[in-house]
$ cat final18.cif   # mmCIF, C-alpha atoms
data_protein
#
loop_
_atom_site.label_atom_id
_atom_site.label_comp_id
_atom_site.auth_asym_id
_atom_site.auth_seq_id
_atom_site.Cartn_x
_atom_site.Cartn_y
_atom_site.Cartn_z
CA MET A 1459 39.09 60.02 -45.38
CA LEU A 1460 38.44 60.48 -41.71
CA LEU A 1461 40.21 57.29 -41.05
CA ARG A 1462 43.19 58.52 -42.96
CA ILE A 1463 43.17 61.75 -41.02
CA CYS A 1464 42.96 59.85 -37.75
CA LEU A 1465 45.75 57.62 -38.88
CA ILE A 1466 47.89 60.62 -39.78
CA ILE A 1467 47.10 62.24 -36.47
CA SER A 1468 47.99 59.06 -34.71
CA ILE A 1469 51.24 58.85 -36.64
CA LEU A 1470 52.02 62.46 -35.90
CA ALA A 1471 51.15 61.92 -32.27
CA GLY A 1472 53.35 58.84 -32.20
CA LEU A 1473 56.16 60.75 -33.81
CA ALA A 1474 55.69 63.59 -31.37
CA ALA A 1475 55.65 61.14 -28.50
CA GLY A 1476 58.71 59.42 -29.93
CA ALA A 1477 60.47 62.75 -30.32
CA VAL A 1478 59.62 63.66 -26.76
CA GLY A 1479 60.64 60.22 -25.55
CA PHE A 1480 63.88 60.38 -27.54
CA THR A 1481 64.61 63.80 -26.10
CA MET A 1482 63.97 62.52 -22.60
CA VAL A 1483 66.02 59.37 -23.18
CA LYS A 1484 68.78 61.44 -24.70
CA ASP A 1485 68.79 63.67 -21.66
CA ILE A 1486 68.88 60.61 -19.40
CA ILE A 1487 71.69 59.10 -21.45
CA VAL A 1488 73.66 62.35 -21.35
CA THR A 1489 73.04 62.71 -17.64
CA THR A 1490 73.92 59.07 -17.06
CA ARG A 1491 77.05 59.34 -19.13
CA ALA A 1492 78.04 62.53 -17.25
CA ALA A 1493 77.41 60.80 -13.93
CA ARG A 1494 79.36 57.76 -15.13
CA ASP A 1495 82.25 59.91 -16.29
CA ASP A 1496 82.19 61.86 -13.04
CA PHE A 1497 82.13 58.62 -11.04
CA HIS A 1498 84.93 57.22 -13.18
CA ASN A 1499 86.99 60.37 -12.69
CA LYS A 1500 86.38 60.28 -8.94
CA TYR A 1501 87.19 56.57 -8.88
CA THR A 1502 90.37 57.19 -10.83
CA GLN A 1503 91.33 60.05 -8.51
CA GLU A 1504 90.52 58.00 -5.44
CA THR A 1505 92.48 55.04 -6.84
CA THR A 1506 95.43 57.33 -7.60
CA ALA A 1507 95.16 58.91 -4.16
CA ARG A 1508 94.91 55.46 -2.55
CA LYS A 1509 97.95 54.23 -4.46
CA THR A 1510 99.80 57.43 -3.56
CA ALA A 1511 98.81 56.93 0.07
CA GLU A 1512 99.89 53.31 -0.05
CA THR A 1513 103.21 54.35 -1.59
CA LYS A 1514 103.68 57.00 1.10
CA LEU A 1515 102.67 54.46 3.75
CA LYS A 1516 105.21 51.95 2.47
CA LYS A 1517 107.85 54.70 2.37
CA SER A 1518 106.89 55.79 5.88
CA GLN A 1519 107.07 52.19 7.07
CA ALA A 1520 110.49 51.81 5.42
CA ASP A 1521 111.63 55.11 6.96
CA LEU A 1522 110.27 53.95 10.32
CA ALA A 1523 112.15 50.65 10.02
CA THR A 1524 115.33 52.53 9.07
CA THR A 1525 114.83 54.97 11.93
CA THR A 1526 114.17 52.08 14.34
CA SER A 1527 117.33 50.35 13.12
CA LYS A 1528 119.32 53.54 13.49
CA LEU A 1529 117.79 54.11 16.92
CA THR A 1530 118.76 50.58 17.96
CA GLU A 1531 122.27 51.11 16.61
CA THR A 1532 122.49 54.48 18.38
CA GLN A 1533 121.29 52.87 21.59
CA SER A 1534 123.97 50.20 21.25
CA GLN A 1535 126.60 52.86 20.56
CA LEU A 1536 125.37 54.83 23.59
CA GLU A 1537 125.62 51.77 25.82
CA ALA A 1538 129.09 51.05 24.45
CA ALA A 1539 130.06 54.69 25.05
CA ASN A 1540 128.74 54.52 28.63
CA THR A 1541 130.71 51.31 29.22
CA LYS A 1542 133.83 52.92 27.74
CA ASN A 1543 133.25 56.02 29.87
CA THR A 1544 133.02 53.84 32.99
CA GLU A 1545 136.26 52.11 32.03
CA LEU A 1546 137.92 55.49 31.41
CA ASP A 1547 136.71 56.75 34.81
CA LYS A 1548 138.23 53.67 36.46
CA GLN A 1549 141.47 54.12 34.52
CA ASN A 1550 141.51 57.80 35.51
CA THR A 1551 141.03 56.84 39.18
CA ASP A 1552 143.80 54.24 38.94
CA LEU A 1553 146.12 56.67 37.19
CA THR A 1554 145.37 59.35 39.79
CA ALA A 1555 146.21 56.90 42.58
CA LYS A 1556 149.41 55.86 40.78
CA LEU A 1557 150.32 59.52 40.21
CA THR A 1558 149.80 60.27 43.91
CA LYS A 1559 151.95 57.25 44.85
CA MET A 1560 154.67 58.25 42.40
CA THR A 1561 154.54 61.84 43.70
CA ASP A 1562 155.00 60.57 47.26
CA ARG A 1563 157.92 58.42 46.11
CA ALA A 1564 159.41 61.38 44.28
CA ASP A 1565 159.08 63.56 47.40
CA THR A 1566 160.72 60.84 49.52
CA ALA A 1567 163.49 60.40 46.95
CA GLU A 1568 164.00 64.17 46.86
CA GLN A 1569 164.27 64.29 50.65
CA LYS A 1570 166.78 61.42 50.65
CA LEU A 1571 168.72 63.12 47.86
CA GLU A 1572 168.78 66.31 49.92
CA GLN A 1573 170.11 64.33 52.88
CA TRP A 1574 172.76 62.70 50.72
CA SER A 1575 173.74 66.09 49.26
CA GLN A 1576 174.58 67.28 52.78
CA LEU A 1577 177.07 64.44 53.34
CA PRO A 1578 180.81 65.07 52.94
CA PRO A 1579 182.52 64.21 49.62
CA PRO A 1580 183.40 60.53 49.03
CA GLU A 1581 187.12 61.22 49.57
CA GLN A 1582 186.40 62.78 52.94
CA ILE A 1583 184.09 59.90 53.90
CA LYS A 1584 186.86 57.44 53.03
CA GLY A 1585 189.22 59.39 55.28
CA ILE A 1586 186.66 59.38 58.10
CA ILE A 1587 186.18 55.61 57.72
CA ALA A 1588 189.95 55.09 57.74
CA ASP A 1589 190.33 57.24 60.86
CA LEU A 1590 187.46 55.40 62.51
CA THR A 1591 189.08 52.08 61.70
CA LYS A 1592 192.35 53.26 63.20
CA THR A 1593 190.52 54.56 66.27
CA ARG A 1594 188.75 51.26 66.73
CA GLU A 1595 191.99 49.34 66.35
CA ALA A 1596 193.69 51.63 68.86
CA ARG A 1597 190.72 51.29 71.21
CA ASP A 1598 190.81 47.53 70.96
CA ALA A 1599 194.54 47.57 71.64
CA VAL A 1600 194.02 49.81 74.69
CA VAL A 1601 191.20 47.63 75.94
CA ALA A 1602 193.31 44.49 75.59
CA GLU A 1603 196.25 46.14 77.27
CA ASN A 1604 194.08 47.55 80.01
CA LYS A 1605 192.72 44.11 80.84
CA ILE A 1606 196.28 43.00 81.57
CA LEU A 1607 197.17 46.17 83.45
CA LEU A 1608 193.97 46.11 85.44
CA VAL A 1609 195.03 42.99 87.29
CA SER A 1610 198.43 44.50 88.08
CA ARG A 1611 196.90 47.83 89.04
CA ASN A 1612 194.44 46.24 91.44
CA ASP A 1613 197.24 44.26 93.03
CA LEU A 1614 199.46 47.35 93.31
CA GLN A 1615 196.57 49.45 94.55
CA ASN A 1616 195.87 46.93 97.28
CA ARG A 1617 199.54 46.89 98.28
CA TRP A 1618 199.66 50.72 98.23
CA ASP A 1619 196.59 51.03 100.38
CA ARG A 1620 197.88 48.46 102.83
CA ILE A 1621 201.23 50.26 103.15
CA PHE A 1622 200.29 53.95 102.85
CA GLY A 1623 196.56 53.97 103.36
CA SER A 1624 194.25 56.29 101.35
CA THR A 1625 195.91 59.09 99.42
CA ALA A 1626 194.86 62.70 98.87
CA PRO A 1627 192.73 63.43 95.78
CA VAL A 1628 194.52 64.36 92.53
CA ILE A 1629 193.79 67.86 91.27
CA LEU A 1630 192.90 68.05 87.56
CA PRO A 1631 192.67 71.18 85.36
CA THR A 1632 189.53 73.22 86.09
CA GLY A 1633 186.80 72.64 83.47
CA LEU A 1634 188.45 69.51 82.06
CA LYS A 1635 185.94 67.66 79.88
CA GLY A 1636 186.00 64.59 77.69
CA LYS A 1637 183.90 61.80 76.19
CA VAL A 1638 183.70 58.06 76.68
CA LEU A 1639 185.22 56.24 73.70
CA ALA A 1640 184.69 52.66 74.88
CA VAL A 1641 183.12 50.80 77.80
CA ASP A 1642 184.01 47.38 79.24
CA PRO A 1643 181.14 46.48 81.60
CA LYS A 1644 182.81 43.19 82.58
CA TYR A 1645 185.86 44.84 84.16
CA ASP A 1646 184.13 48.18 84.87
CA PHE A 1647 186.55 50.46 83.04
CA VAL A 1648 186.18 53.05 80.29
CA VAL A 1649 188.43 54.66 77.68
CA LEU A 1650 188.29 58.49 77.55
CA ASP A 1651 189.31 60.83 74.72
CA ILE A 1652 191.49 63.01 77.02
CA GLY A 1653 195.11 62.33 77.90
CA GLU A 1654 198.34 63.94 79.01
CA ASP A 1655 198.00 66.74 76.45
CA GLN A 1656 194.65 67.77 77.97
CA GLY A 1657 195.87 67.52 81.60
CA ALA A 1658 194.59 64.07 82.59
CA LYS A 1659 196.47 62.50 85.51
CA GLU A 1660 196.52 59.06 87.09
CA ARG A 1661 194.17 58.67 90.07
CA GLY A 1662 192.26 61.75 88.97
CA GLU A 1663 188.51 61.37 89.42
CA MET A 1664 185.83 62.64 87.01
CA MET A 1665 182.02 62.56 86.94
CA VAL A 1666 180.14 60.82 84.09
CA ASP A 1667 177.17 62.82 82.76
CA ARG A 1668 174.52 62.34 80.06
CA ARG A 1669 172.43 65.42 79.24
CA GLY A 1670 172.60 66.66 82.83
CA LYS A 1671 172.00 63.27 84.45
CA LEU A 1672 174.76 61.89 86.73
CA LEU A 1673 175.62 58.31 85.76
CA GLY A 1674 178.67 57.64 87.94
CA LYS A 1675 182.25 58.50 88.83
CA VAL A 1676 185.50 57.17 87.33
CA ARG A 1677 189.15 57.21 88.48
CA ILE A 1678 191.93 57.49 85.88
CA THR A 1679 194.36 54.58 86.05
CA LYS A 1680 196.47 55.04 82.91
CA VAL A 1681 197.29 58.16 80.89
CA GLU A 1682 198.56 58.36 77.33
CA LYS A 1683 199.25 61.34 75.08
CA ASP A 1684 195.64 61.90 73.92
CA ARG A 1685 193.59 59.29 75.82
CA CYS A 1686 193.33 57.58 79.15
CA VAL A 1687 191.79 54.60 80.91
CA ALA A 1688 189.60 54.98 84.01
CA ASN A 1689 187.87 52.54 86.37
CA VAL A 1690 184.22 52.95 87.31
CA LEU A 1691 183.90 53.52 91.07
CA PRO A 1692 181.29 51.05 92.39
CA GLY A 1693 179.70 53.28 94.98
CA TRP A 1694 178.97 56.09 92.51
CA GLN A 1695 177.29 54.30 89.62
CA ARG A 1696 173.74 55.62 88.98
CA GLY A 1697 173.14 54.19 85.51
CA GLU A 1698 174.69 52.34 82.61
CA ILE A 1699 177.65 54.20 81.13
CA MET A 1700 177.71 54.19 77.32
CA GLU A 1701 179.95 55.39 74.51
CA GLY A 1702 179.46 59.12 73.90
CA ASP A 1703 178.69 60.00 77.53
CA GLN A 1704 180.50 63.09 78.84
CA VAL A 1705 183.07 63.15 81.66
CA ILE A 1706 183.61 66.39 83.57
CA TYR A 1707 185.81 67.53 86.41
#

$ encode --input "final18.cif" --output "structure tokens"
Amino acid sequence: MLLRICLIISILAGLAAGAVGFTMVKDIIVTTRAARDDFHNKYTQETTARKTAETKLKKSQADLATTTSKLTETQSQLEAANTKNTELDKQNTDLTAKLTKMTDRADTAEQKLEQWSQLPPPEQIKGIIADLTKTREARDAVVAENKILLVSRNDLQNRWDRIFGSTAPVILPTGLKGKVLAVDPKYDFVVLDIGEDQGAKERGEMMVDRRGKLLGKVRITKVEKDRCVANVLPGWQRGEIMEGDQVIY
């Protein structure tokens, strides 16, 4: 009987110990499962976060590559723009120089045009040229004739001087003036633009002047209506007589 009681007590004690052990194991299992689930959740979150970070990193790397490519392209465009700007500056400098040159040419052309505008009309110029041609022809004829007459005049002058000696000076009109039309330095005579109509007389003597400077003295040897021929007196020549010089009495 005692044995049975002891056995029952032992069984009850074993059951109690088993119950306690089961309760403790259950708590451990629950705690372990909770820890496992928590770890799994954290692992899942960390994995998701890592994948998200990797995705963002890849996107950032792609964005960085795109930005680098764009930056390189922008840099190339900037260098091309700087080169183009340099070329444009050079073109601007060249165009400015050309514009200045063309402006100078335009000013010169305008000045020449102004000078041309002050000239007489073409018809009048033709008349002047025709008159000048006639004057030259008449001058050449007088010069040729005077060359022939000069020899005769010198011979007659020598005969006159030998027979009658020196003569009294010829009086010309007071204030008589004229200009030299032609000069023959070989035979020392000139053609003057004054003649009988202006009061010129043979053997009349006149002074040759250029802007107040005395160049020499001439003696009239032949008189026509509006011109005359005069010889240069050797002892009076102070310079070379030229066309346009003035003769005064």

$ residues_near_point --input "final18.cif" --point "(176.4, 64.5, 80.2)" --cutoff "7 Å" --atoms "all atoms listed in the file" --output "CSV table (one decimal) with C-alpha atoms, in the coordinates of the input"
chain,number,residue,atom,x,y,z
A,1666,VAL,CA,180.1,60.8,84.1
A,1667,ASP,CA,177.2,62.8,82.8
A,1668,ARG,CA,174.5,62.3,80.1
A,1669,ARG,CA,172.4,65.4,79.2
A,1670,GLY,CA,172.6,66.7,82.8
A,1671,LYS,CA,172.0,63.3,84.4
A,1703,ASP,CA,178.7,60.0,77.5
A,1704,GLN,CA,180.5,63.1,78.8
A,1705,VAL,CA,183.1,63.2,81.7

$ atom_distance --input "final18.cif" --atom1 "CA of Val1648 in chain A" --atom2 "CA of Val1601 in chain A"
8.6 Å

$ axis_aligned_box --input "final18.cif" --around "range 1586-1596 of chain A" --padding-each-side "6 Å" --output "lines of an AutoDock Vina configuration file"
center_x = 189.9
center_y = 54.4
center_z = 63.3
size_x = 19.5
size_y = 22.0
size_z = 23.1

$ atom_distance --input "final18.cif" --atom1 "CA of Glu1682 in chain A" --atom2 "CA of Ile1706 in chain A"
18.1 Å

$ closest_residue --input "final18.cif" --among "A:Asp1547, A:Asp1495, A:Asp1684, A:Asp1646" --to "Ala1596 in chain A" --atoms "only C-alpha atoms"
A:Asp1684

$ closest_residue --input "final18.cif" --among "A:Ala1555, A:Gly1702, A:Tyr1707, A:Thr1502" --to "Leu1630 in chain A" --atoms "all atoms listed in the file"
A:Tyr1707

$ atom_distance --input "final18.cif" --atom1 "CA of Leu1639 in chain A" --atom2 "CA of Lys1584 in chain A"
20.8 Å

$ resolve_selection --input "final18.cif" --expression "the PyMOL selection byres ((chain A and resi 1678) around 9)" --output "number ranges by chain"
A: 1658-1664, 1676-1677, 1679-1681, 1686-1689

$ build_atoms --input "final18.cif" --residues "range 1657-1693 of chain A" --atoms "N, CA and C atoms" --output "PDB file, keeping the file's coordinate frame"
ATOM      1  N   GLY A1657     195.716  67.336  80.160  1.00  0.00           N
ATOM      2  CA  GLY A1657     195.870  67.520  81.600  1.00  0.00           C
ATOM      3  C   GLY A1657     195.366  66.374  82.436  1.00  0.00           C
ATOM      4  N   ALA A1658     195.038  65.218  81.813  1.00  0.00           N
ATOM      5  CA  ALA A1658     194.590  64.070  82.590  1.00  0.00           C
ATOM      6  C   ALA A1658     195.753  63.505  83.403  1.00  0.00           C
ATOM      7  N   LYS A1659     195.444  63.049  84.621  1.00  0.00           N
ATOM      8  CA  LYS A1659     196.470  62.500  85.510  1.00  0.00           C
ATOM      9  C   LYS A1659     195.951  61.209  86.128  1.00  0.00           C
ATOM     10  N   GLU A1660     196.901  60.304  86.436  1.00  0.00           N
ATOM     11  CA  GLU A1660     196.520  59.060  87.090  1.00  0.00           C
ATOM     12  C   GLU A1660     195.918  59.369  88.464  1.00  0.00           C
ATOM     13  N   ARG A1661     194.907  58.569  88.813  1.00  0.00           N
ATOM     14  CA  ARG A1661     194.170  58.670  90.070  1.00  0.00           C
ATOM     15  C   ARG A1661     193.279  59.912  90.127  1.00  0.00           C
ATOM     16  N   GLY A1662     193.227  60.658  89.024  1.00  0.00           N
ATOM     17  CA  GLY A1662     192.260  61.750  88.970  1.00  0.00           C
ATOM     18  C   GLY A1662     190.845  61.218  88.788  1.00  0.00           C
ATOM     19  N   GLU A1663     189.893  61.851  89.448  1.00  0.00           N
ATOM     20  CA  GLU A1663     188.510  61.370  89.420  1.00  0.00           C
ATOM     21  C   GLU A1663     187.627  62.364  88.655  1.00  0.00           C
ATOM     22  N   MET A1664     186.718  61.814  87.825  1.00  0.00           N
ATOM     23  CA  MET A1664     185.830  62.640  87.010  1.00  0.00           C
ATOM     24  C   MET A1664     184.407  62.071  87.068  1.00  0.00           C
ATOM     25  N   MET A1665     183.430  62.956  86.923  1.00  0.00           N
ATOM     26  CA  MET A1665     182.020  62.560  86.940  1.00  0.00           C
ATOM     27  C   MET A1665     181.564  62.228  85.514  1.00  0.00           C
ATOM     28  N   VAL A1666     180.703  61.213  85.391  1.00  0.00           N
ATOM     29  CA  VAL A1666     180.140  60.820  84.090  1.00  0.00           C
ATOM     30  C   VAL A1666     178.719  61.381  83.991  1.00  0.00           C
ATOM     31  N   ASP A1667     178.446  62.100  82.895  1.00  0.00           N
ATOM     32  CA  ASP A1667     177.170  62.820  82.760  1.00  0.00           C
ATOM     33  C   ASP A1667     176.575  62.541  81.380  1.00  0.00           C
ATOM     34  N   ARG A1668     175.239  62.460  81.340  1.00  0.00           N
ATOM     35  CA  ARG A1668     174.520  62.340  80.060  1.00  0.00           C
ATOM     36  C   ARG A1668     173.349  63.295  80.081  1.00  0.00           C
ATOM     37  N   ARG A1669     173.479  64.397  79.343  1.00  0.00           N
ATOM     38  CA  ARG A1669     172.430  65.420  79.240  1.00  0.00           C
ATOM     39  C   ARG A1669     171.948  65.879  80.626  1.00  0.00           C
ATOM     40  N   GLY A1670     172.927  66.137  81.514  1.00  0.00           N
ATOM     41  CA  GLY A1670     172.600  66.660  82.830  1.00  0.00           C
ATOM     42  C   GLY A1670     172.286  65.614  83.879  1.00  0.00           C
ATOM     43  N   LYS A1671     172.298  64.336  83.492  1.00  0.00           N
ATOM     44  CA  LYS A1671     172.000  63.270  84.450  1.00  0.00           C
ATOM     45  C   LYS A1671     173.297  62.587  84.863  1.00  0.00           C
ATOM     46  N   LEU A1672     173.556  62.521  86.194  1.00  0.00           N
ATOM     47  CA  LEU A1672     174.760  61.890  86.730  1.00  0.00           C
ATOM     48  C   LEU A1672     174.634  60.379  86.617  1.00  0.00           C
ATOM     49  N   LEU A1673     175.634  59.763  85.937  1.00  0.00           N
ATOM     50  CA  LEU A1673     175.620  58.310  85.760  1.00  0.00           C
ATOM     51  C   LEU A1673     176.615  57.599  86.673  1.00  0.00           C
ATOM     52  N   GLY A1674     177.678  58.276  87.070  1.00  0.00           N
ATOM     53  CA  GLY A1674     178.670  57.640  87.940  1.00  0.00           C
ATOM     54  C   GLY A1674     179.937  58.457  88.020  1.00  0.00           C
ATOM     55  N   LYS A1675     180.957  57.855  88.627  1.00  0.00           N
ATOM     56  CA  LYS A1675     182.250  58.500  88.830  1.00  0.00           C
ATOM     57  C   LYS A1675     183.343  57.525  88.440  1.00  0.00           C
ATOM     58  N   VAL A1676     184.397  58.023  87.765  1.00  0.00           N
ATOM     59  CA  VAL A1676     185.500  57.170  87.330  1.00  0.00           C
ATOM     60  C   VAL A1676     186.820  57.732  87.863  1.00  0.00           C
ATOM     61  N   ARG A1677     187.811  56.820  88.025  1.00  0.00           N
ATOM     62  CA  ARG A1677     189.150  57.210  88.480  1.00  0.00           C
ATOM     63  C   ARG A1677     190.142  56.792  87.401  1.00  0.00           C
ATOM     64  N   ILE A1678     190.961  57.741  86.942  1.00  0.00           N
ATOM     65  CA  ILE A1678     191.930  57.490  85.880  1.00  0.00           C
ATOM     66  C   ILE A1678     193.034  56.583  86.404  1.00  0.00           C
ATOM     67  N   THR A1679     193.318  55.535  85.646  1.00  0.00           N
ATOM     68  CA  THR A1679     194.360  54.580  86.050  1.00  0.00           C
ATOM     69  C   THR A1679     195.554  54.582  85.109  1.00  0.00           C
ATOM     70  N   LYS A1680     195.365  55.019  83.868  1.00  0.00           N
ATOM     71  CA  LYS A1680     196.470  55.040  82.910  1.00  0.00           C
ATOM     72  C   LYS A1680     196.284  56.218  81.968  1.00  0.00           C
ATOM     73  N   VAL A1681     197.358  56.963  81.730  1.00  0.00           N
ATOM     74  CA  VAL A1681     197.290  58.160  80.890  1.00  0.00           C
ATOM     75  C   VAL A1681     198.248  58.018  79.725  1.00  0.00           C
ATOM     76  N   GLU A1682     197.736  58.289  78.519  1.00  0.00           N
ATOM     77  CA  GLU A1682     198.560  58.360  77.330  1.00  0.00           C
ATOM     78  C   GLU A1682     198.531  59.787  76.805  1.00  0.00           C
ATOM     79  N   LYS A1683     199.123  59.991  75.618  1.00  0.00           N
ATOM     80  CA  LYS A1683     199.250  61.340  75.080  1.00  0.00           C
ATOM     81  C   LYS A1683     197.896  62.018  74.873  1.00  0.00           C
ATOM     82  N   ASP A1684     196.929  61.289  74.230  1.00  0.00           N
ATOM     83  CA  ASP A1684     195.640  61.900  73.920  1.00  0.00           C
ATOM     84  C   ASP A1684     194.462  61.035  74.368  1.00  0.00           C
ATOM     85  N   ARG A1685     194.671  60.101  75.285  1.00  0.00           N
ATOM     86  CA  ARG A1685     193.590  59.290  75.820  1.00  0.00           C
ATOM     87  C   ARG A1685     194.018  58.723  77.163  1.00  0.00           C
ATOM     88  N   CYS A1686     193.020  58.184  77.871  1.00  0.00           N
ATOM     89  CA  CYS A1686     193.330  57.580  79.150  1.00  0.00           C
ATOM     90  C   CYS A1686     192.314  56.500  79.465  1.00  0.00           C
ATOM     91  N   VAL A1687     192.653  55.666  80.458  1.00  0.00           N
ATOM     92  CA  VAL A1687     191.790  54.600  80.910  1.00  0.00           C
ATOM     93  C   VAL A1687     191.385  54.900  82.344  1.00  0.00           C
ATOM     94  N   ALA A1688     190.093  54.686  82.662  1.00  0.00           N
ATOM     95  CA  ALA A1688     189.600  54.980  84.010  1.00  0.00           C
ATOM     96  C   ALA A1688     188.686  53.854  84.464  1.00  0.00           C
ATOM     97  N   ASN A1689     188.741  53.553  85.770  1.00  0.00           N
ATOM     98  CA  ASN A1689     187.870  52.540  86.370  1.00  0.00           C
ATOM     99  C   ASN A1689     186.604  53.191  86.895  1.00  0.00           C
ATOM    100  N   VAL A1690     185.486  52.466  86.777  1.00  0.00           N
ATOM    101  CA  VAL A1690     184.220  52.950  87.310  1.00  0.00           C
ATOM    102  C   VAL A1690     184.203  52.659  88.815  1.00  0.00           C
ATOM    103  N   LEU A1691     183.947  53.685  89.622  1.00  0.00           N
ATOM    104  CA  LEU A1691     183.900  53.520  91.070  1.00  0.00           C
ATOM    105  C   LEU A1691     182.547  52.924  91.452  1.00  0.00           C
ATOM    106  N   PRO A1692     182.545  51.766  92.114  1.00  0.00           N
ATOM    107  CA  PRO A1692     181.290  51.050  92.390  1.00  0.00           C
ATOM    108  C   PRO A1692     180.262  51.862  93.163  1.00  0.00           C
ATOM    109  N   GLY A1693     180.681  52.597  94.136  1.00  0.00           N
ATOM    110  CA  GLY A1693     179.700  53.280  94.980  1.00  0.00           C
ATOM    111  C   GLY A1693     179.033  54.483  94.334  1.00  0.00           C
TER     112      GLY A1693
END
